[in-house]
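Q: What follows is target07.txt, made up of compact mmCIF, C-alpha atoms:
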```
# COMPACT_ATOMS: atom_id res chain seq x y z
CA MET A 26 17.03 15.58 -58.19
CA THR A 27 17.81 11.89 -57.72
CA ARG A 28 20.75 10.16 -59.38
CA ARG A 29 18.32 8.25 -61.60
CA ALA A 30 16.54 11.47 -62.63
CA VAL A 31 19.88 13.11 -63.45
CA ILE A 32 20.85 10.16 -65.63
CA SER A 33 17.44 10.19 -67.33
CA ALA A 34 17.63 13.95 -67.97
CA GLY A 35 21.10 13.57 -69.44
CA LEU A 36 19.89 10.74 -71.60
CA GLU A 37 16.98 12.76 -73.01
CA ALA A 38 19.31 15.62 -73.85
CA SER A 39 22.04 13.52 -75.43
CA LEU A 40 20.13 10.96 -77.48
CA PRO A 41 18.06 11.43 -80.60
CA ALA A 42 14.35 10.73 -80.12
CA PRO A 43 13.58 7.08 -80.86
CA ASP A 44 12.20 6.42 -84.30
CA ILE A 45 8.49 5.97 -83.60
CA ARG A 46 8.04 4.04 -86.85
CA GLU A 47 10.34 1.32 -85.50
CA VAL A 48 8.10 -1.50 -84.34
CA ALA A 49 8.86 -4.35 -81.98
CA ARG A 50 9.36 -7.72 -83.63
CA TRP A 51 9.05 -10.98 -81.72
CA GLN A 52 12.87 -11.19 -81.72
CA ASP A 53 12.96 -7.98 -79.65
CA TYR A 54 10.85 -9.58 -76.92
CA LEU A 55 13.04 -12.70 -77.04
CA SER A 56 16.18 -10.55 -76.70
CA LEU A 57 14.78 -9.14 -73.42
CA LEU A 58 15.33 -12.59 -71.92
CA LYS A 59 19.13 -12.42 -72.51
CA PRO A 60 19.34 -15.84 -74.20
CA ARG A 61 23.13 -16.17 -73.80
CA VAL A 62 22.96 -15.60 -70.02
CA MET A 63 19.99 -17.97 -69.94
CA SER A 64 22.06 -20.72 -71.59
CA LEU A 65 24.77 -20.42 -68.89
CA VAL A 66 22.10 -20.53 -66.17
CA VAL A 67 20.56 -23.66 -67.73
CA PHE A 68 23.98 -25.31 -67.98
CA THR A 69 24.85 -24.74 -64.30
CA ALA A 70 21.34 -25.69 -63.12
CA LEU A 71 21.47 -28.89 -65.18
CA THR A 72 24.83 -29.72 -63.61
CA GLY A 73 23.35 -29.22 -60.13
CA MET A 74 20.41 -31.43 -61.05
CA VAL A 75 22.63 -34.21 -62.43
CA CYS A 76 25.06 -34.04 -59.47
CA ALA A 77 22.11 -34.39 -57.08
CA GLY A 78 21.54 -37.87 -58.50
CA GLY A 79 17.84 -37.97 -57.65
CA ALA A 80 15.38 -40.14 -59.56
CA LEU A 81 13.40 -37.31 -61.12
CA ASN A 82 11.12 -38.24 -64.01
CA PRO A 83 12.82 -37.00 -67.24
CA VAL A 84 9.69 -35.06 -68.23
CA LEU A 85 9.60 -33.31 -64.85
CA ALA A 86 13.36 -32.72 -65.06
CA GLY A 87 12.80 -31.03 -68.44
CA VAL A 88 10.00 -28.92 -66.97
CA ALA A 89 12.25 -27.92 -64.05
CA ILE A 90 15.02 -26.83 -66.44
CA LEU A 91 12.45 -24.93 -68.52
CA CYS A 92 11.18 -23.16 -65.37
CA ILE A 93 14.74 -22.17 -64.45
CA ALA A 94 15.36 -20.87 -68.00
CA VAL A 95 12.09 -18.93 -68.08
CA GLY A 96 12.76 -17.55 -64.58
CA ALA A 97 16.19 -16.35 -65.71
CA GLY A 98 14.56 -14.79 -68.77
CA GLY A 99 11.91 -13.10 -66.63
CA SER A 100 14.47 -11.59 -64.29
CA ALA A 101 16.50 -10.40 -67.31
CA ALA A 102 13.38 -8.67 -68.72
CA LEU A 103 12.81 -6.97 -65.34
CA ASN A 104 16.46 -5.84 -65.38
CA MET A 105 16.11 -4.45 -68.91
CA ALA A 106 12.87 -2.65 -68.01
CA TYR A 107 14.53 -0.87 -65.08
CA ASP A 108 17.92 -0.20 -66.67
CA GLY A 109 16.69 1.26 -69.98
CA ASP A 110 18.01 4.70 -69.04
CA ILE A 111 21.59 3.64 -68.33
CA ASP A 112 21.63 1.03 -71.12
CA ALA A 113 21.04 3.90 -73.55
CA LEU A 114 24.26 5.57 -72.38
CA MET A 115 26.56 2.59 -72.95
CA ARG A 116 27.69 1.57 -76.43
CA ARG A 117 27.51 -2.13 -75.53
CA THR A 118 23.82 -1.90 -74.56
CA GLN A 119 22.30 1.06 -76.40
CA ARG A 120 20.91 -1.08 -79.24
CA ARG A 121 18.90 -3.21 -76.83
CA ALA A 122 15.12 -3.25 -77.36
CA VAL A 123 14.17 -0.89 -74.50
CA PRO A 124 16.78 1.92 -74.89
CA SER A 125 16.30 1.94 -78.66
CA GLY A 126 12.55 2.49 -78.16
CA ARG A 127 11.35 -0.68 -79.88
CA VAL A 128 9.89 -2.05 -76.63
CA GLN A 129 8.34 0.15 -73.96
CA PRO A 130 9.71 -0.30 -70.40
CA ALA A 131 6.16 -1.10 -69.19
CA ASP A 132 5.89 -3.93 -71.73
CA ALA A 133 9.28 -5.34 -70.66
CA LEU A 134 8.16 -5.10 -67.03
CA ALA A 135 4.89 -6.92 -67.80
CA LEU A 136 6.77 -9.65 -69.65
CA GLY A 137 9.25 -10.03 -66.78
CA VAL A 138 6.53 -10.26 -64.12
CA ALA A 139 4.48 -12.74 -66.18
CA LEU A 140 7.43 -15.04 -66.88
CA SER A 141 8.64 -14.88 -63.27
CA LEU A 142 5.21 -15.78 -61.88
CA PHE A 143 4.80 -18.54 -64.46
CA SER A 144 8.18 -20.12 -63.76
CA VAL A 145 7.87 -20.06 -59.97
CA GLY A 146 4.23 -21.22 -60.09
CA ILE A 147 4.90 -24.19 -62.36
CA MET A 148 8.04 -25.12 -60.39
CA GLY A 149 5.99 -25.14 -57.17
CA VAL A 150 3.11 -27.17 -58.62
CA ALA A 151 5.08 -29.62 -60.77
CA ILE A 152 8.38 -30.07 -58.87
CA ASN A 153 8.59 -28.99 -55.21
CA ALA A 154 8.32 -26.00 -52.88
CA LEU A 155 12.06 -25.72 -52.11
CA ALA A 156 13.01 -25.45 -55.80
CA ALA A 157 10.22 -22.90 -56.35
CA GLY A 158 11.34 -20.88 -53.31
CA LEU A 159 14.98 -20.88 -54.41
CA LEU A 160 13.94 -19.88 -57.95
CA ALA A 161 11.81 -17.03 -56.57
CA ALA A 162 14.75 -15.91 -54.40
CA THR A 163 17.04 -15.96 -57.45
CA ILE A 164 14.66 -13.82 -59.50
CA LEU A 165 14.02 -11.35 -56.66
CA PHE A 166 17.73 -11.10 -55.87
CA TYR A 167 18.62 -10.24 -59.46
CA ALA A 168 15.67 -7.95 -60.22
CA VAL A 169 15.39 -6.13 -56.88
CA VAL A 170 18.55 -6.53 -54.77
CA TYR A 171 21.05 -6.27 -57.66
CA THR A 172 19.23 -4.18 -60.30
CA VAL A 173 17.31 -1.73 -58.10
CA TRP A 174 19.39 -1.52 -54.90
CA LEU A 175 23.00 -2.34 -55.62
CA LYS A 176 23.91 -1.69 -59.25
CA ARG A 177 23.81 2.12 -59.09
CA ARG A 178 24.91 2.48 -55.46
CA THR A 179 28.03 0.48 -54.66
CA PRO A 180 31.13 -0.93 -56.35
CA GLN A 181 30.31 -4.18 -54.52
CA ASN A 182 27.24 -4.49 -56.80
CA ILE A 183 28.43 -7.51 -58.73
CA VAL A 184 29.99 -9.15 -55.64
CA ILE A 185 26.73 -9.27 -53.68
CA GLY A 186 24.49 -9.38 -56.75
CA GLY A 187 26.54 -12.30 -58.03
CA LEU A 188 24.57 -14.53 -55.68
CA ALA A 189 21.64 -14.36 -58.14
CA GLY A 190 23.78 -15.84 -60.91
CA ALA A 191 25.28 -18.38 -58.51
CA LEU A 192 22.04 -19.92 -57.22
CA PRO A 193 20.86 -21.97 -60.27
CA PRO A 194 22.87 -25.14 -59.34
CA ALA A 195 21.13 -25.16 -55.94
CA VAL A 196 17.75 -24.71 -57.68
CA GLY A 197 18.56 -27.65 -59.97
CA TRP A 198 19.72 -29.78 -57.02
CA ALA A 199 16.58 -28.95 -55.04
CA ALA A 200 14.40 -29.75 -58.06
CA ALA A 201 15.96 -33.23 -58.32
CA THR A 202 15.92 -34.22 -54.67
CA GLY A 203 13.81 -31.78 -52.67
CA HIS A 204 16.76 -30.65 -50.58
CA ALA A 205 19.97 -28.66 -51.05
CA PRO A 206 22.95 -30.12 -49.12
CA LEU A 207 26.42 -28.60 -48.67
CA ASN A 208 27.69 -29.91 -52.02
CA ALA A 209 24.96 -27.91 -53.78
CA TRP A 210 26.11 -24.78 -51.97
CA LEU A 211 29.70 -25.57 -52.92
CA LEU A 212 28.67 -25.22 -56.59
CA VAL A 213 26.95 -21.95 -55.66
CA ALA A 214 30.15 -20.80 -53.91
CA ILE A 215 32.25 -21.51 -57.02
CA ILE A 216 30.09 -19.25 -59.22
CA PHE A 217 29.80 -16.64 -56.45
CA VAL A 218 33.60 -16.32 -56.05
CA TRP A 219 34.10 -16.55 -59.84
CA THR A 220 31.81 -13.57 -60.55
CA PRO A 221 33.99 -10.65 -59.31
CA PRO A 222 37.20 -11.49 -61.24
CA HIS A 223 35.13 -12.28 -64.34
CA PHE A 224 33.13 -9.04 -64.42
CA TRP A 225 35.87 -6.77 -63.09
CA ALA A 226 38.21 -8.04 -65.82
CA LEU A 227 35.54 -7.04 -68.37
CA SER A 228 34.95 -3.68 -66.71
CA LEU A 229 38.71 -2.89 -66.82
CA TYR A 230 38.42 -2.41 -70.58
CA THR A 231 34.89 -0.96 -70.64
CA THR A 232 35.42 1.56 -67.79
CA GLY A 233 34.52 4.54 -69.98
CA ASP A 234 31.06 3.18 -70.73
CA TYR A 235 30.27 2.51 -67.06
CA ALA A 236 31.57 5.94 -66.00
CA LYS A 237 29.46 7.65 -68.66
CA ALA A 238 26.34 5.84 -67.39
CA GLY A 239 27.14 6.61 -63.74
CA VAL A 240 27.41 2.92 -62.79
CA PRO A 241 29.88 2.66 -59.88
CA MET A 242 31.85 -0.32 -61.14
CA MET A 243 35.04 -1.01 -59.19
CA PRO A 244 37.48 0.52 -61.76
CA VAL A 245 35.35 3.68 -61.93
CA VAL A 246 35.21 4.16 -58.14
CA ARG A 247 38.49 2.71 -56.82
CA GLY A 248 40.63 2.87 -59.92
CA ALA A 249 42.25 0.24 -62.12
CA ALA A 250 45.17 -0.67 -59.82
CA SER A 251 42.88 -1.46 -56.87
CA THR A 252 40.59 -3.48 -59.16
CA ARG A 253 43.52 -5.52 -60.48
CA ARG A 254 44.61 -6.33 -56.90
CA GLN A 255 41.07 -7.37 -55.93
CA ILE A 256 40.82 -9.56 -59.04
CA LEU A 257 43.98 -11.35 -57.88
CA ALA A 258 42.59 -11.77 -54.35
CA TYR A 259 39.36 -13.32 -55.63
CA SER A 260 41.28 -15.52 -58.10
CA LEU A 261 43.48 -16.82 -55.25
CA LEU A 262 40.29 -17.66 -53.36
CA LEU A 263 38.59 -19.16 -56.43
CA ALA A 264 41.37 -21.66 -57.22
CA PRO A 265 40.98 -23.68 -53.94
CA VAL A 266 37.19 -23.29 -53.90
CA GLY A 267 37.19 -24.63 -57.45
CA ILE A 268 39.20 -27.73 -56.46
CA ALA A 269 37.18 -28.38 -53.27
CA PRO A 270 34.45 -30.57 -54.92
CA ALA A 271 37.17 -33.13 -55.74
CA PHE A 272 37.54 -33.68 -51.96
CA THR A 273 33.87 -33.66 -50.97
CA GLY A 274 32.77 -36.58 -53.13
CA LEU A 275 31.24 -34.34 -55.78
CA GLY A 276 34.05 -34.42 -58.34
CA GLY A 277 36.22 -37.33 -59.48
CA PRO A 278 39.67 -37.54 -61.10
CA ILE A 279 38.65 -35.68 -64.28
CA TYR A 280 37.31 -32.85 -62.18
CA LEU A 281 40.46 -32.77 -60.04
CA VAL A 282 42.71 -32.44 -63.10
CA VAL A 283 40.52 -29.80 -64.80
CA SER A 284 40.09 -27.70 -61.65
CA ALA A 285 43.79 -27.91 -60.67
CA ILE A 286 45.11 -26.93 -64.12
CA GLY A 287 42.35 -24.34 -64.59
CA GLY A 288 43.02 -22.82 -61.16
CA LEU A 289 46.74 -22.55 -61.89
CA ILE A 290 46.17 -20.83 -65.26
CA LEU A 291 43.57 -18.49 -63.74
CA THR A 292 45.96 -17.52 -60.94
CA ALA A 293 48.82 -16.98 -63.42
CA LEU A 294 46.60 -14.73 -65.57
CA ALA A 295 45.53 -12.76 -62.48
CA VAL A 296 49.19 -12.28 -61.43
CA ARG A 297 50.01 -11.10 -64.96
CA LEU A 298 47.06 -8.69 -64.74
CA VAL A 299 48.27 -7.20 -61.46
CA PHE A 300 51.61 -6.29 -63.05
CA SER A 301 49.93 -4.88 -66.19
CA ARG A 302 48.49 -1.44 -66.84
CA ALA A 303 45.07 -2.77 -67.88
CA GLY A 304 42.35 -0.23 -67.17
CA ASP A 305 44.76 2.71 -66.75
CA ALA A 306 43.94 5.84 -68.74
CA ALA A 307 44.85 5.08 -72.36
CA PRO A 308 46.71 7.57 -74.55
CA LEU A 309 44.55 9.46 -77.04
CA LEU A 310 44.09 7.88 -80.46
CA PRO A 311 45.51 9.69 -83.52
CA ALA A 312 43.20 12.37 -84.92
CA GLY A 313 40.48 10.95 -87.13
CA ARG A 314 40.67 7.40 -85.74
CA LYS A 315 37.69 6.11 -83.76
CA GLU A 316 37.86 3.24 -81.33
CA GLY A 317 35.57 0.27 -82.17
CA LEU A 318 33.18 -1.08 -79.58
CA TYR A 319 35.18 -4.22 -78.86
CA ASP A 320 38.63 -2.85 -79.61
CA VAL A 321 41.04 -3.77 -76.84
CA ARG A 322 44.12 -1.62 -76.37
CA ALA A 323 47.35 -3.61 -76.02
CA ALA A 324 47.66 -2.65 -72.34
CA ALA A 325 44.21 -4.08 -71.62
CA ARG A 326 44.89 -7.49 -73.16
CA PRO A 327 45.73 -9.17 -69.82
CA ALA A 328 42.23 -8.17 -68.65
CA ARG A 329 40.65 -9.46 -71.85
CA ASP A 330 42.59 -12.74 -71.54
CA LEU A 331 41.51 -13.26 -67.93
CA PHE A 332 37.90 -12.46 -68.83
CA ALA A 333 37.92 -14.98 -71.68
CA PHE A 334 39.71 -17.69 -69.68
CA SER A 335 37.38 -17.28 -66.68
CA LEU A 336 34.46 -18.26 -68.93
CA LEU A 337 36.34 -21.32 -70.16
CA TYR A 338 37.34 -22.18 -66.56
CA LEU A 339 33.76 -22.16 -65.24
CA PHE A 340 32.52 -24.10 -68.25
CA GLY A 341 35.34 -26.63 -67.77
CA LEU A 342 34.52 -27.22 -64.09
CA PHE A 343 30.83 -27.85 -64.67
CA ALA A 344 31.42 -29.83 -67.87
CA ALA A 345 33.86 -32.10 -65.96
CA LEU A 346 31.15 -32.83 -63.38
CA LEU A 347 28.68 -33.66 -66.17
CA ILE A 348 31.17 -35.87 -68.05
CA GLU A 349 31.91 -37.87 -64.90
CA ARG A 350 28.18 -38.56 -64.57
CA ALA A 351 27.53 -39.31 -68.24
CA PRO A 352 26.91 -43.06 -67.63
CA MET A 353 24.38 -42.23 -64.91
CA ILE A 354 22.57 -39.75 -67.20
CA ALA A 355 22.35 -42.39 -69.94
CA HIS A 356 21.02 -44.91 -67.40
CA LEU A 357 18.37 -42.46 -66.13
CA VAL A 358 17.19 -41.53 -69.62
CA GLN A 359 16.96 -45.16 -70.77
CA GLY A 360 15.60 -46.49 -67.52
CA ARG A 361 12.41 -44.40 -67.33
CA MET B 222 -5.64 2.07 -80.47
CA SER B 223 -4.33 2.12 -84.04
CA ASP B 224 -6.50 0.91 -86.90
CA PRO B 225 -4.98 -2.31 -88.31
CA ASN B 226 -6.17 -1.22 -91.79
CA ASP B 227 -3.87 1.82 -91.63
CA GLU B 228 -0.76 -0.17 -90.69
CA ASP B 229 2.16 -0.24 -93.05
CA PRO B 230 3.22 -3.73 -94.21
CA ALA B 231 6.30 -3.85 -91.94
CA ALA B 232 4.23 -3.08 -88.85
CA ALA B 233 1.62 -5.65 -89.87
CA ARG B 234 4.34 -8.30 -90.33
CA ALA B 235 5.84 -7.45 -86.93
CA ARG B 236 2.41 -7.69 -85.28
CA GLY B 237 1.80 -11.04 -86.97
CA GLY B 238 5.15 -12.34 -85.70
CA ARG B 239 4.39 -11.20 -82.14
CA ASN B 240 0.98 -12.90 -82.29
CA LEU B 241 2.55 -16.15 -83.49
CA LEU B 242 5.09 -16.02 -80.62
CA LEU B 243 2.26 -15.50 -78.14
CA ALA B 244 0.28 -18.38 -79.67
CA ALA B 245 3.35 -20.64 -79.47
CA ALA B 246 3.88 -19.67 -75.81
CA LEU B 247 0.25 -20.41 -74.92
CA LEU B 248 0.35 -23.72 -76.77
CA GLY B 249 3.61 -24.56 -74.99
CA PHE B 250 1.95 -23.82 -71.64
CA VAL B 251 -0.92 -26.22 -72.45
CA VAL B 252 1.56 -28.93 -73.50
CA ILE B 253 3.59 -28.46 -70.29
CA VAL B 254 0.49 -28.76 -68.08
CA PHE B 255 -0.55 -31.88 -70.01
CA LEU B 256 2.88 -33.52 -69.74
CA VAL B 257 3.23 -32.66 -66.04
CA THR B 258 -0.22 -34.12 -65.36
CA ILE B 259 0.62 -37.36 -67.19
CA ALA B 260 4.01 -37.62 -65.43
CA LYS B 261 2.43 -37.03 -62.00
CA ILE B 262 -0.40 -39.51 -62.61
CA SER B 263 1.93 -42.24 -63.90
CA GLY B 264 4.22 -41.64 -60.90
CA ASN B 265 1.29 -42.18 -58.53
CA VAL B 266 0.18 -45.32 -60.41
CA VAL B 267 3.68 -46.78 -60.04
CA HIS B 268 3.68 -46.02 -56.28
CA HIS B 269 0.30 -47.75 -55.82
```
Would you put the structure from the file into structure tokens?
A:
Amino acid sequence: MTRRAVISAGLEASLPAPDIREVARWQDYLSLLKPRVMSLVVFTALTGMVCAGGALNPVLAGVAILCIAVGAGGSAALNMAYDGDIDALMRRTQRRAVPSGRVQPADALALGVALSLFSVGIMGVAINALAAGLLAATILFYAVVYTVWLKRRTPQNIVIGGLAGALPPAVGWAAATGHAPLNAWLLVAIIFVWTPPHFWALSLYTTGDYAKAGVPMMPVVRGAASTRRQILAYSLLLAPVGIAPAFTGLGGPIYLVVSAIGGLILTALAVRLVFSRAGDAAPLLPAGRKEGLYDVRAAARPARDLFAFSLLYLFGLFAALLIERAPMIAHLVQGR
Amino acid sequence: MSDPNDEDPAAARARGGRNLLLAAALLGFVVIVFLVTIAKISGNVVHH
């Protein structure tokens, strides 16, 4: 019996049968696209597009951003279609449309394939082949390499799979100019190195869920102490990579200040995490008290703080790049 | 295939909502193709 079959069998035995009267609303199909992840993808792709500085028609720029958003949504739907079995085992994900039975996996798969083909096709026809190719690679990397190959097999799943989430700035850059130079890949590198500390910090206080679903996240496989050390290592790497655009002509003084201060705080939070007991087995709760889904034990707070700050850090870096180019954006919009 | 006449009101409302979303998506696709065509044509006119 394969690992997937074992998980599925366990799921069937442990969960009540889905309520067949529950019908899918349009909001359920929209939720398959993971709108919050989509918004982050759009933000980083837009930054890549603006940093590229090309003279793309604003209508075509809007279409390119829409294609990137729809492509991200399509790959999310493919992920949800495949992961319905393990999503049903985790508290954080068991109310999603597929595990709760409101949307059939085949319907989610069809939606994902349709949106992926649409986004890549329109990008190729309306913008350029490089942007379409990079978008196709992003979708395939997330839906196949991460979801199907890596997620259930290795604790390096989010390290390697993180490339899918890191590529949107390069797609945006390619859409604007038709090429993707080193500065575009520097933005990709920032998100790529940012991904492990961000997701491992989250997994330090959701270890139980991942273990129950059989997902080999780093704290489940190597333990909390090893995960905390690896978070520090990646944070020490992320701080200089984050500052680098200030020295390659991509970022200006605002970016330098934001990335330097942000890198220092991130490193300090990672050092604090290493000396904490975040992710270690927590003592049992008093009889009769149940732990809420997003309850964070006191020992896990350093992990929660790093997780929250890492989001702010990434947003700050990309927002600084956008702010420094605000006059150019205004000129482009008015000038066409 | 279920008979739409036998649907309960909640299911009918949900189906109506899904149909509207699909209609909006198709309309959006037509608008995108139109806008891209206009943008491409005007770009070529400027270059000539």
Q: For region 110-155 of chain A against region 248-258 of chain B, with a cut-off of 12 Å and counting all atoms listed in the file, what is the closest atom pair and its distance in Å to one decimal for every residue that makes the cut, ordered by chain and number, as CSV?
A:
```
residue,atom,partner,partner_atom,distance
A:Leu140,CA,B:Phe250,CA,11.4
A:Phe143,CA,B:Phe250,CA,9.4
A:Ser144,CA,B:Phe250,CA,10.7
A:Gly146,CA,B:Val254,CA,11.6
A:Ile147,CA,B:Val254,CA,8.5
A:Met148,CA,B:Val257,CA,10.6
A:Gly149,CA,B:Val257,CA,12.0
A:Val150,CA,B:Val257,CA,9.2
A:Ala151,CA,B:Val257,CA,6.4
A:Ile152,CA,B:Val257,CA,9.2
```
Q: Using all atoms listed in the file, which protein or nucleic acid residues come within 10 Å of Leu91 (chain A)? Drop anything in the same chain fewer than 2 positions from it, and give the result as a short mmCIF file (atom, residue, chain, number, x, y, z; two decimals) with C-alpha atoms, keeping the file's coordinate frame.
A:
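The new file out.cif reads:
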```
data_model
loop_
_atom_site.label_atom_id
_atom_site.label_comp_id
_atom_site.auth_asym_id
_atom_site.auth_seq_id
_atom_site.Cartn_x
_atom_site.Cartn_y
_atom_site.Cartn_z
CA VAL A 67 20.56 -23.66 -67.73
CA LEU A 85 9.60 -33.31 -64.85
CA ALA A 86 13.36 -32.72 -65.06
CA GLY A 87 12.80 -31.03 -68.44
CA VAL A 88 10.00 -28.92 -66.97
CA ALA A 89 12.25 -27.92 -64.05
CA ILE A 93 14.74 -22.17 -64.45
CA ALA A 94 15.36 -20.87 -68.00
CA VAL A 95 12.09 -18.93 -68.08
CA GLY A 96 12.76 -17.55 -64.58
CA ALA A 97 16.19 -16.35 -65.71
CA SER A 144 8.18 -20.12 -63.76
CA ILE A 147 4.90 -24.19 -62.36
CA MET A 148 8.04 -25.12 -60.39
CA ILE B 253 3.59 -28.46 -70.29
#
```
Q: Is it possible to get the residues within 8 Å of (37.5, -27.0, -66.1) (coordinates as in the file, counting only C-alpha atoms) written as an MDAnalysis selection string?
A: chainID A and resid 280 283:284 286:287 337:345
Q: Report as a list in words the set of chain A residues whose atoms approach chain B to within 7 Å, with distances computed over only C-alpha atoms.
A: Val48, Ala49, Arg50, Trp51, Val84, Leu85 and Ala151 of chain A
Q: What does the distance between CA of Gly99 (chain A) and CA of Pro222 (chain A) come to in Å, to one decimal place?
A: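 For CA of Gly99 (chain A) relative to CA of Pro222 (chain A), the distance reads 25.9 Å.
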Q: Which value, in Å to one decimal, gives the distance between CA of Asp112 (chain A) and CA of Val240 (chain A)?
A: 10.3 Å
Q: Can you tell me which residues surround Ala113 (chain A) at a distance of at most 8 Å, considering only C-alpha atoms, apart from same-chain residues fewer than 6 positions away, and format the answer as a list in words?
A: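 Everything that qualifies: Leu36, Gln119, Arg120, Pro124 and Ser125 of chain A.
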Q: Can you tell me how far CA of Ser228 (chain A) sits from CA of Ala264 (chain A), in Å to one decimal?
A: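 Interatomic distance, CA of Ser228 (chain A) to CA of Ala264 (chain A): 21.3 Å.
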Q: May I ask which of the residues A:Leu142, A:Leu294, A:Ala249, A:Ala200 is the closest one to Ala70 (chain A), counting only C-alpha atoms?
A: A:Ala200
Q: Find, counting only C-alpha atoms, the residue in A:Ile183, A:Val169, A:Ala77, A:Leu58 that gets nearest to Pro241 (chain A).
A: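 Among the listed residues, A:Ile183 lies closest to Pro241 (chain A).
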